[in-house]
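Below is query.csv, which holds CSV, C-alpha atoms.
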chain,number,residue,atom,x,y,z
A,164,MET,CA,-55.9,141.6,77.6
A,165,ARG,CA,-54.7,139.9,74.4
A,166,LYS,CA,-55.1,136.1,74.4
A,167,LYS,CA,-52.1,134.0,73.6
A,168,GLN,CA,-52.4,132.1,70.4
A,169,SER,CA,-51.9,128.4,70.9
A,170,LYS,CA,-49.3,126.5,68.9
A,171,THR,CA,-50.6,123.8,66.7
A,172,SER,CA,-48.4,120.7,66.0
A,173,ILE,CA,-49.1,117.9,63.7
A,174,VAL,CA,-48.1,114.6,65.0
A,175,PHE,CA,-48.0,111.5,62.6
A,176,CYS,CA,-48.8,108.2,63.8
A,177,PRO,CA,-45.9,105.8,63.3
A,178,ALA,CA,-48.1,103.2,61.7
A,179,LEU,CA,-49.5,105.7,59.2
A,180,ARG,CA,-46.0,106.9,58.4
A,181,ARG,CA,-44.9,103.4,57.5
A,182,HIS,CA,-47.9,102.9,55.3
A,183,HIS,CA,-47.1,106.1,53.3
A,184,LEU,CA,-43.5,105.1,52.8
A,185,LEU,CA,-44.6,101.7,51.5
A,186,ILE,CA,-47.0,103.2,49.0
A,187,GLY,CA,-44.4,105.7,47.7
A,188,GLY,CA,-41.9,102.9,47.2
A,189,LEU,CA,-44.3,100.8,45.2
A,190,LEU,CA,-45.2,103.8,43.0
A,191,LEU,CA,-41.5,104.5,42.4
A,192,LEU,CA,-40.8,100.9,41.4
A,193,SER,CA,-43.8,100.9,39.1
A,194,ALA,CA,-42.6,104.1,37.3
A,195,VAL,CA,-39.1,102.6,36.8
A,196,PHE,CA,-40.5,99.4,35.4
A,197,THR,CA,-42.8,101.2,33.0
A,198,TRP,CA,-40.0,103.5,31.7
A,199,GLY,CA,-37.7,100.5,31.2
A,200,CYS,CA,-40.4,98.6,29.2
A,201,ARG,CA,-41.1,101.6,27.1
A,202,SER,CA,-37.4,102.1,26.4
A,203,LYS,CA,-36.9,98.5,25.3
A,204,THR,CA,-40.0,98.6,23.1
A,205,GLU,CA,-38.9,101.8,21.3
A,206,ASN,CA,-35.4,100.3,20.6
A,207,LYS,CA,-36.6,96.9,19.4
A,208,GLY,CA,-39.3,98.2,17.0
A,209,PRO,CA,-42.8,96.8,16.7
A,210,ALA,CA,-43.8,94.3,19.2
A,211,SER,CA,-44.9,92.0,16.4
A,212,ALA,CA,-41.3,91.1,15.5
A,213,PRO,CA,-39.9,88.9,18.3
A,214,VAL,CA,-36.2,88.8,18.6
A,215,PRO,CA,-34.8,85.3,17.8
A,216,PRO,CA,-32.5,83.8,20.4
A,217,LYS,CA,-28.8,84.1,19.6
A,218,PRO,CA,-27.4,81.0,17.9
A,219,ARG,CA,-25.0,78.9,20.0
A,220,LEU,CA,-21.5,78.9,18.4
A,221,THR,CA,-19.6,75.7,18.4
A,222,ALA,CA,-16.0,75.1,17.1
A,223,ALA,CA,-15.9,72.7,14.1
A,224,PRO,CA,-13.0,70.2,14.1
A,225,VAL,CA,-10.1,71.2,11.8
A,226,PRO,CA,-9.8,68.7,8.9
A,227,ASP,CA,-6.6,66.7,8.4
A,228,THR,CA,-5.4,68.2,5.2
A,229,ASP,CA,-2.7,65.5,4.8
A,230,LYS,CA,-5.3,62.7,4.8
A,231,LEU,CA,-7.5,64.6,2.4
A,232,ARG,CA,-4.6,65.2,0.0
A,233,GLU,CA,-3.8,61.5,0.1
A,234,GLN,CA,-7.4,60.6,-0.7
A,235,ASP,CA,-8.0,63.2,-3.5
A,236,THR,CA,-4.6,63.2,-5.1
A,237,GLU,CA,-2.9,60.3,-6.7
A,238,VAL,CA,0.7,60.0,-5.6
A,239,LYS,CA,2.9,59.7,-8.7
A,240,PRO,CA,6.5,58.7,-8.7
A,241,ALA,CA,9.0,61.4,-9.4
A,242,LEU,CA,10.1,61.6,-13.0
A,243,PRO,CA,13.8,61.3,-13.8
A,244,ASN,CA,15.8,64.4,-14.5
A,245,PRO,CA,17.3,64.6,-18.0
A,246,THR,CA,21.0,65.1,-18.4
A,247,THR,CA,22.2,68.3,-20.1
A,248,LEU,CA,25.0,67.6,-22.5
A,249,ILE,CA,25.8,71.1,-23.8
A,250,THR,CA,24.4,74.6,-24.2
A,251,LEU,CA,25.6,76.5,-27.3
A,252,ASN,CA,25.2,80.0,-28.6
A,253,GLU,CA,23.4,78.8,-31.8
A,254,GLN,CA,19.9,79.0,-33.2
A,255,SER,CA,17.8,76.2,-32.0
A,256,TYR,CA,16.2,75.6,-35.4
A,257,GLY,CA,17.8,74.1,-38.5
A,258,ASN,CA,20.2,71.7,-36.7
A,259,PHE,CA,20.7,68.0,-37.2
A,260,LEU,CA,20.3,65.6,-34.3
A,261,ALA,CA,20.6,61.8,-34.4
A,262,VAL,CA,21.0,58.9,-31.9
A,263,GLU,CA,22.6,55.6,-32.6
A,264,ASP,CA,22.4,53.2,-29.6
A,265,THR,CA,23.7,55.5,-26.8
A,266,THR,CA,25.8,57.9,-29.0
A,267,VAL,CA,24.4,61.3,-29.9
A,268,TYR,CA,25.3,63.4,-33.0
A,269,LEU,CA,24.7,67.1,-33.2
A,270,VAL,CA,25.5,69.2,-36.2
A,271,THR,CA,25.0,73.0,-36.3
A,272,PRO,CA,25.9,75.3,-39.2
A,273,THR,CA,29.4,75.7,-37.8
A,274,ALA,CA,30.3,72.6,-35.9
A,275,TYR,CA,30.0,68.8,-35.5
A,276,TRP,CA,29.6,67.2,-32.0
A,277,ARG,CA,29.6,63.6,-31.0
A,278,PHE,CA,28.7,62.5,-27.5
A,279,SER,CA,29.4,58.9,-26.4
A,280,PRO,CA,29.1,57.7,-22.7
A,281,SER,CA,32.5,55.9,-22.9
A,282,GLU,CA,34.5,58.8,-24.6
A,283,LYS,CA,35.1,62.5,-24.3
A,284,PRO,CA,32.9,64.7,-26.5
A,285,VAL,CA,34.3,65.1,-30.0
A,286,HIS,CA,34.1,68.6,-31.5
A,287,THR,CA,35.0,69.6,-35.1
A,288,GLN,CA,34.6,73.0,-36.7
A,289,VAL,CA,33.1,72.4,-40.1
A,290,ASP,CA,31.0,74.5,-42.5
A,291,MET,CA,27.8,72.6,-43.3
A,292,PRO,CA,25.2,74.9,-45.0
A,293,LEU,CA,22.8,72.0,-45.3
A,294,ASN,CA,21.6,69.5,-42.7
A,295,PRO,CA,23.6,66.3,-43.1
A,296,VAL,CA,22.5,62.7,-42.8
A,297,LEU,CA,24.1,59.6,-41.2
A,298,VAL,CA,25.0,56.4,-43.0
A,299,GLU,CA,26.9,53.4,-41.6
A,300,THR,CA,30.3,55.0,-41.2
A,301,ASP,CA,30.0,58.6,-42.4
A,302,LEU,CA,28.3,61.9,-42.1
A,303,ILE,CA,27.1,63.0,-45.6
A,304,PHE,CA,26.7,66.7,-46.4
A,305,TRP,CA,26.8,69.2,-49.3
A,306,ALA,CA,29.2,72.1,-49.5
A,307,LYS,CA,30.8,74.2,-52.2
A,308,GLY,CA,29.2,72.4,-55.2
A,309,ALA,CA,29.9,68.9,-54.1
A,310,LEU,CA,28.7,66.1,-51.8
A,311,HIS,CA,31.2,65.1,-49.0
A,312,ALA,CA,31.6,62.4,-46.4
A,313,MET,CA,33.2,62.8,-43.0
A,314,PRO,CA,33.9,59.9,-40.7
A,315,LYS,CA,31.5,59.8,-37.7
A,316,ILE,CA,34.3,59.2,-35.3
A,317,SER,CA,35.8,62.5,-36.6
A,318,GLY,CA,38.3,63.1,-39.4
A,319,ALA,CA,38.8,65.1,-42.6
A,320,PRO,CA,35.9,65.2,-45.1
A,321,ARG,CA,36.4,63.6,-48.5
A,322,LYS,CA,34.7,64.5,-51.7
A,323,LEU,CA,32.1,62.1,-53.1
A,324,ALA,CA,30.7,63.7,-56.2
A,325,ASP,CA,30.2,67.1,-57.9
A,326,VAL,CA,26.6,68.3,-57.4
A,327,PRO,CA,26.5,71.9,-58.6
A,328,ARG,CA,23.0,72.7,-57.5
A,329,GLN,CA,22.5,72.7,-53.7
A,330,PRO,CA,20.1,69.9,-52.7
A,331,ARG,CA,16.9,70.9,-51.1
A,332,VAL,CA,17.2,68.1,-48.5
A,333,LEU,CA,19.2,64.9,-47.9
A,334,VAL,CA,17.6,61.7,-46.6
A,335,ALA,CA,19.1,58.4,-45.5
A,336,ASP,CA,18.2,55.1,-43.9
A,337,GLY,CA,21.6,54.1,-42.4
A,338,LYS,CA,22.8,52.2,-45.5
A,339,ARG,CA,22.5,54.7,-48.3
A,340,PHE,CA,21.3,58.2,-49.0
A,341,ALA,CA,19.4,60.3,-51.6
A,342,TRP,CA,18.5,63.9,-52.1
A,343,LEU,CA,15.9,66.3,-53.7
A,344,GLU,CA,16.6,69.2,-55.9
A,345,ASN,CA,14.5,72.1,-57.3
A,346,SER,CA,14.9,72.2,-61.1
A,347,GLU,CA,15.0,75.4,-63.2
A,348,GLY,CA,11.5,74.6,-64.6
A,349,GLY,CA,10.0,74.5,-61.1
A,350,SER,CA,9.7,70.7,-60.8
A,351,ILE,CA,11.3,68.6,-58.0
A,352,LEU,CA,13.9,65.9,-58.8
A,353,PHE,CA,15.0,62.9,-56.7
A,354,TYR,CA,18.6,61.6,-57.0
A,355,VAL,CA,20.8,58.8,-55.6
A,356,LEU,CA,24.5,58.4,-56.0
A,357,LYS,CA,25.5,55.4,-58.2
A,358,ASN,CA,29.1,54.7,-59.3
A,359,GLY,CA,30.1,58.1,-58.1
A,360,LYS,CA,27.6,60.0,-60.2
A,361,PRO,CA,24.1,61.4,-59.5
A,362,GLN,CA,21.3,59.3,-61.0
A,363,ARG,CA,17.8,60.7,-61.3
A,364,LEU,CA,15.0,58.6,-59.8
A,365,TYR,CA,11.8,60.6,-60.0
A,366,ARG,CA,10.4,63.9,-61.1
A,367,THR,CA,7.2,65.7,-60.1
A,368,VAL,CA,5.7,69.1,-60.7
A,369,ASN,CA,3.6,68.9,-57.5
A,370,GLU,CA,4.8,70.3,-54.1
A,371,VAL,CA,6.9,67.8,-52.1
A,372,THR,CA,7.4,68.0,-48.3
A,373,THR,CA,8.6,65.9,-45.3
A,374,PRO,CA,10.8,63.4,-47.2
A,375,HIS,CA,11.9,60.3,-45.2
A,376,MET,CA,13.9,57.3,-46.2
A,377,LEU,CA,13.0,53.8,-44.9
A,378,ASN,CA,14.3,50.4,-46.1
A,379,GLN,CA,15.6,51.6,-49.4
A,380,ARG,CA,12.4,53.6,-50.2
A,381,ILE,CA,11.9,57.4,-50.2
A,382,TYR,CA,8.6,58.5,-48.7
A,383,PHE,CA,7.2,62.0,-49.0
A,384,VAL,CA,4.0,64.0,-49.0
A,385,GLU,CA,2.9,65.3,-52.4
A,386,SER,CA,0.3,68.1,-52.4
A,387,VAL,CA,-1.7,69.9,-55.1
A,388,TYR,CA,-4.5,72.5,-55.3
A,389,VAL,CA,-7.8,71.6,-57.0
A,390,THR,CA,-11.1,73.5,-57.5
A,391,LYS,CA,-14.0,72.2,-55.6
A,392,ASP,CA,-17.4,74.0,-55.4
A,393,SER,CA,-15.8,77.1,-56.9
A,394,MET,CA,-13.1,77.1,-54.2
A,395,ARG,CA,-9.4,76.3,-54.3
A,396,VAL,CA,-8.8,73.3,-52.0
A,397,ARG,CA,-5.5,71.7,-51.0
A,398,ARG,CA,-5.1,67.9,-51.3
A,399,TRP,CA,-2.2,65.7,-50.2
A,400,ARG,CA,-1.2,62.1,-50.4
A,401,LEU,CA,1.6,59.8,-49.2
A,402,CYS,CA,4.0,58.7,-51.9
A,403,SER,CA,7.1,56.4,-52.1
A,404,ILE,CA,9.7,55.5,-54.7
A,405,ASP,CA,12.3,52.7,-54.7
A,406,ALA,CA,15.8,54.1,-54.4
A,407,ASP,CA,17.1,51.0,-56.3
A,408,ALA,CA,14.5,51.1,-59.1
A,409,LYS,CA,15.6,51.8,-62.7
A,410,ASP,CA,12.5,53.7,-63.5
A,411,SER,CA,10.4,56.4,-61.7
A,412,THR,CA,7.5,54.2,-60.7
A,413,ALA,CA,5.9,55.4,-57.5
A,414,THR,CA,3.4,54.1,-55.0
A,415,TYR,CA,0.6,56.4,-53.9
A,416,GLY,CA,-1.8,56.6,-51.0
A,417,PRO,CA,-5.3,58.1,-51.1
A,418,TRP,CA,-5.8,61.9,-51.4
A,419,VAL,CA,-6.7,63.7,-48.2
A,420,GLU,CA,-8.3,67.2,-48.0
A,421,GLU,CA,-6.7,68.4,-44.8
A,422,ARG,CA,-3.5,70.0,-43.6
A,423,ASN,CA,-0.6,67.8,-44.7
A,424,PRO,CA,1.7,66.2,-42.1
A,425,ALA,CA,4.7,68.3,-41.0
A,426,MET,CA,7.0,65.3,-40.4
A,427,LEU,CA,7.3,61.6,-41.4
A,428,ALA,CA,9.2,59.2,-39.3
A,429,GLY,CA,9.7,55.4,-38.8
A,430,ASN,CA,12.1,52.5,-38.9
A,431,ASP,CA,9.7,49.7,-39.8
A,432,ASP,CA,6.3,51.4,-40.6
A,433,LEU,CA,5.6,55.0,-41.4
A,434,PHE,CA,4.3,57.3,-38.6
A,435,PHE,CA,3.1,60.9,-38.6
A,436,PHE,CA,1.1,63.3,-36.5
A,437,ASP,CA,-2.1,64.6,-38.1
A,438,MET,CA,-2.9,68.0,-36.8
A,439,PRO,CA,-6.6,68.4,-37.9
A,440,THR,CA,-7.7,65.2,-36.2
A,441,ARG,CA,-5.1,65.3,-33.4
A,442,THR,CA,-4.1,61.7,-34.0
A,443,VAL,CA,-0.9,59.8,-34.4
A,444,GLN,CA,-1.2,57.5,-37.5
A,445,ARG,CA,0.7,54.5,-38.7
A,446,PHE,CA,0.9,53.3,-42.3
A,447,LYS,CA,2.4,50.1,-43.8
A,448,PRO,CA,5.4,50.6,-46.1
A,449,ASP,CA,3.2,49.9,-49.2
A,450,LEU,CA,0.8,52.6,-48.0
A,451,SER,CA,-2.1,50.2,-48.4
A,452,GLN,CA,-3.3,50.2,-44.8
A,453,GLY,CA,-3.3,52.8,-42.1
A,454,SER,CA,-4.3,52.8,-38.4
A,455,ILE,CA,-4.6,55.3,-35.5
A,456,VAL,CA,-2.1,54.9,-32.7
A,457,ALA,CA,-3.4,57.6,-30.4
A,458,ARG,CA,-6.3,60.1,-30.4
A,459,ASP,CA,-6.8,63.6,-28.9
A,460,ILE,CA,-3.1,64.2,-28.5
A,461,VAL,CA,-0.4,66.5,-29.7
A,462,CYS,CA,2.9,64.9,-30.9
A,463,SER,CA,5.2,67.4,-32.6
A,464,PRO,CA,8.0,66.9,-33.1
A,465,LEU,CA,8.1,63.1,-32.9
A,466,ALA,CA,10.7,60.4,-33.2
A,467,VAL,CA,10.4,56.6,-33.7
A,468,SER,CA,12.5,53.8,-32.4
A,469,ASP,CA,10.9,50.7,-30.8
A,470,ARG,CA,8.3,53.2,-29.6
A,471,VAL,CA,6.9,56.6,-30.6
A,472,LEU,CA,8.5,59.5,-28.8
A,473,CYS,CA,6.4,62.7,-28.7
A,474,SER,CA,6.9,66.3,-27.5
A,475,ARG,CA,4.2,68.7,-26.3
A,476,MET,CA,3.8,71.5,-23.9
A,477,GLU,CA,3.2,69.1,-21.0
A,478,GLY,CA,6.6,67.5,-21.5
A,479,LEU,CA,8.1,64.4,-23.2
A,480,PHE,CA,6.2,61.1,-23.4
A,481,GLU,CA,6.2,57.8,-25.2
A,482,LEU,CA,3.5,55.8,-27.0
A,483,PRO,CA,3.4,52.1,-27.8
A,484,LYS,CA,3.6,51.6,-31.6
A,485,ASN,CA,0.4,49.5,-31.6
A,486,GLY,CA,-1.6,52.0,-29.5
A,487,GLY,CA,-2.0,52.4,-25.8
A,488,GLU,CA,-1.8,54.9,-23.0
A,489,PRO,CA,0.9,57.5,-23.2
A,490,ASN,CA,3.7,57.3,-20.6
A,491,VAL,CA,5.2,60.6,-19.5
A,492,LEU,CA,9.0,60.5,-19.5
A,493,ALA,CA,10.0,64.0,-18.5
A,494,ASP,CA,8.4,67.2,-17.2
A,495,PRO,CA,8.4,70.3,-19.4
A,496,THR,CA,11.9,71.7,-19.5
A,497,THR,CA,12.9,75.3,-19.9
A,498,GLY,CA,12.3,76.2,-23.6
A,499,LEU,CA,10.4,74.7,-26.5
A,500,ILE,CA,11.6,71.3,-27.9
A,501,THR,CA,12.6,72.0,-31.5
A,502,THR,CA,14.2,68.7,-32.5
A,503,LEU,CA,13.8,65.1,-31.2
A,504,ALA,CA,15.7,61.9,-32.0
A,505,ALA,CA,15.8,58.5,-30.3
A,506,SER,CA,17.2,54.9,-30.3
A,507,ASP,CA,15.8,52.0,-28.4
A,508,LYS,CA,18.0,53.0,-25.5
A,509,LEU,CA,18.1,56.8,-25.5
A,510,VAL,CA,16.1,59.8,-26.4
A,511,ALA,CA,17.7,63.2,-27.1
A,512,TRP,CA,16.2,66.6,-27.8
A,513,LEU,CA,17.1,70.3,-28.4
A,514,ASN,CA,15.6,73.0,-26.3
A,515,ASP,CA,15.2,76.6,-27.4
A,516,THR,CA,16.7,78.3,-24.3
A,517,GLY,CA,16.8,81.9,-25.4
A,518,ALA,CA,17.9,84.2,-28.1
A,519,SER,CA,20.5,82.4,-30.2
A,520,SER,CA,20.8,79.6,-27.6
A,521,LEU,CA,20.1,75.9,-27.6
A,522,THR,CA,20.5,73.1,-25.0
A,523,LEU,CA,21.0,69.4,-25.8
A,524,ARG,CA,19.4,67.0,-23.3
A,525,ILE,CA,19.2,63.2,-23.1
A,526,LEU,CA,17.3,60.7,-21.1
A,527,PRO,CA,17.8,56.9,-21.0
A,528,LEU,CA,14.8,54.7,-22.1
A,529,LYS,CA,13.6,51.8,-20.0
A,530,PRO,CA,13.4,48.5,-22.0
A,531,LEU,CA,9.8,47.8,-23.2
A,532,PRO,CA,8.0,44.8,-21.8
A,533,LYS,CA,8.7,41.7,-23.8
A,534,LYS,CA,5.1,41.5,-25.2
A,535,ALA,CA,5.2,45.1,-26.3
A,536,ALA,CA,8.6,44.7,-27.8
A,537,LYS,CA,7.5,41.7,-29.8
A,538,LYS,CA,4.4,43.5,-31.1
A,539,SER,CA,6.4,46.5,-32.1
A,540,SER,CA,8.9,44.4,-34.1
A,541,LYS,CA,6.1,42.9,-36.2

As structure tokens, what does this structure read like?
Amino acid sequence: MRKKQSKTSIVFCPALRRHHLLIGGLLLLSAVFTWGCRSKTENKGPASAPVPPKPRLTAAPVPDTDKLREQDTEVKPALPNPTTLITLNEQSYGNFLAVEDTTVYLVTPTAYWRFSPSEKPVHTQVDMPLNPVLVETDLIFWAKGALHAMPKISGAPRKLADVPRQPRVLVADGKRFAWLENSEGGSILFYVLKNGKPQRLYRTVNEVTTPHMLNQRIYFVESVYVTKDSMRVRRWRLCSIDADAKDSTATYGPWVEERNPAMLAGNDDLFFFDMPTRTVQRFKPDLSQGSIVARDIVCSPLAVSDRVLCSRMEGLFELPKNGGEPNVLADPTTGLITTLAASDKLVAWLNDTGASSLTLRILPLKPLPKKAAKKSSK
């Protein structure tokens, strides 16, 4: 008789079961913690390089730009706008411009213009191949082998004298006029008109530039070439002759070995801009004493009234005759200033405003302080 096999069953004790579950959970947590640490270590690199804490970002206050601008930038008053008198289809170079009190005179090769604040502009078609000059009542010019005079208030020209050779340039000081000619032999001749006939004043074989007439005397720059240290060097000096003298006696200044002035101007003393030294210089009429009015400056072209008027790329400005800080009068206008003229009350200039185009502009001048005016008149 076969014996029945007994079934065997395993019965876990509840307490032992809880103990096993607890151990398993701890092992699982340990594995997860170890894996996480290994993962972080592999991503961060060597353990010797600790990760610095992230900086704390704070918002900086926005500066008040208006206040900064007020502190850093000097507030300057607005400059006055010049008045445009006329724009012409003419070349901007080779024209005559003059100012008497508040009246402006403009002469181009084909026309004469007169602008006065109390009148309508005067326009006269006239052929003037040479720049004219102004005297007390007339406009003096050369044309067709003779000198002519035309009333400044407009009118028909009248013949003054036969002058077959075209003058090189005319000069005047408001009372009388003179002119320079190139002779056939290459020398330069100075003439005045006396009793209706040309009278020669002076002759030189040296080069003459920038003539200017002041108080009955004709001032000019005379230049020569000399040999110095086996090199050809240019020298120049200021000269003057008396328009009323009966002989050709001249007054000379010292020789200068630099670039000669491009323009002489003045109504009491003589002024010019010296390019090599960037100075505005002033000389007494007898050329015995000179002084520097301004340094480190550009002043070309220039005009002289009770002050020195200068043009440069930065605009138009004025200088006291006895030296001082420049005062800006106008911002740079469209186009280069080619010609400048002034009285004590008004400054006028010509702008190159394009191909065959010029513009005439004016600006009133404020009276000088009484002290400066007295010094300038001395």

| Quick one: of A:Tyr256, A:Glu481, A:Ser346, A:Thr247, who's nearest to A:Gly517, counting only C-alpha atoms? | A:Tyr256

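Counting all atoms listed in the file and comparing A:Trp399, A:Asp449, A:Thr300, A:Glu421, the residue that lies closest to A:Ile381 is A:Asp449.
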
| request: Identify, on the basis of all atoms listed in the file, every residue whose closest approach to A:Leu297 does not exceed 8 Å; exclude the query and any residue fewer than 6 positions from it along the same chain; express the result as a VMD selection string. | output: chain A and resid 261 303 335 to 337

| task | In Å, rounded to a single decimal, give me how far atom CA of A:Ala505 is from atom CA of A:Leu356. | result |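 We find that atom CA of A:Leu356 and atom CA of A:Ala505 lie 27.1 Å from each other.
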
Stretch 415-506 of chain A near stretch 267-275 of chain A within 12 Å: what's each residue's closest atom pair and its distance in Å to one decimal, counting only C-alpha atoms, ordered by chain then ascending residue number, as JSON lines?
{"residue": "A:Thr502", "atom": "CA", "partner": "A:Leu269", "partner_atom": "CA", "distance": 10.6}
{"residue": "A:Leu503", "atom": "CA", "partner": "A:Leu269", "partner_atom": "CA", "distance": 11.3}
{"residue": "A:Ala504", "atom": "CA", "partner": "A:Val267", "partner_atom": "CA", "distance": 9.0}
{"residue": "A:Ala505", "atom": "CA", "partner": "A:Val267", "partner_atom": "CA", "distance": 9.1}
{"residue": "A:Ser506", "atom": "CA", "partner": "A:Val267", "partner_atom": "CA", "distance": 9.6}

Same residues, C-alpha atoms, saved as a compact mmCIF listing (two decimals), keeping the file's coordinate frame:
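Contents of selection-v1.txt, as written:
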# COMPACT_ATOMS: atom_id res chain seq x y z
CA THR A 502 14.20 68.70 -32.50
CA LEU A 503 13.80 65.10 -31.20
CA ALA A 504 15.70 61.90 -32.00
CA ALA A 505 15.80 58.50 -30.30
CA SER A 506 17.20 54.90 -30.30

| remark: Min atom-atom distance to A:Asn430 from the set A:Arg363, A:Asp507, A:Tyr354, A:Arg339, counting all atoms listed in the file, belongs to A:Asp507

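Using only C-alpha atoms, the smallest distance between any of A:Gly453, A:Pro330, A:Gly486, A:Gly429 and A:Val467 comes from A:Gly429.
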
| task | Grab the atom CA of A:Leu242 to atom CA of A:Asp494 distance for me, in Å with one decimal place. | result | 7.2 Å

| said: Using all atoms listed in the file for the distances, tell me which of A:Cys473, A:Leu293, A:Val298, A:Val355 is nearest to A:Gln329. | reply: A:Leu293

| request: Give me, please, the distance in Å between atom CA of A:Pro320 and atom CA of A:Gly257, quoted to one decimal. | output: 21.2 Å

| task | Please provide as a PyMOL selection string all residues within 9 Å of A:Arg441, with the sequence filter that same-chain residues fewer than 3 positions apart are discarded (counting all atoms listed in the file). | result | chain A and resi 436-438+457-462

| Contacts of stretch 409-419 of chain A within 6 Å, only C-alpha atoms, excl. fewer than 5 positions in-chain, as a ChimeraX atom specification | /A:364-365,398-404,450

| request: Pick out the residues sitting within 6 Å of A:Phe446, and hand them over as a PyMOL selection string; count only C-alpha atoms, and ignore anything fewer than 5 positions along from it in its own chain. | output: chain A and resi 432-433+452-453

| field | Minimum-distance residue to A:Leu526, chosen among A:Leu260, A:Pro327, A:Ile249, A:Trp512 (using all atoms listed in the file) | value |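 Among A:Leu260, A:Pro327, A:Ile249, A:Trp512, it is A:Trp512 that comes nearest to A:Leu526.
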
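Distance cut-off 10 Å, centre (5.7, 70.7, -48.2), atoms counted all atoms listed in the file; the residues meeting this are Asn369, Glu370, Val371, Thr372, Thr373, Pro374, Phe383, Val384, Glu385, Ser386, Trp399, Asn423, Pro424, Ala425 and Met426 of chain A.
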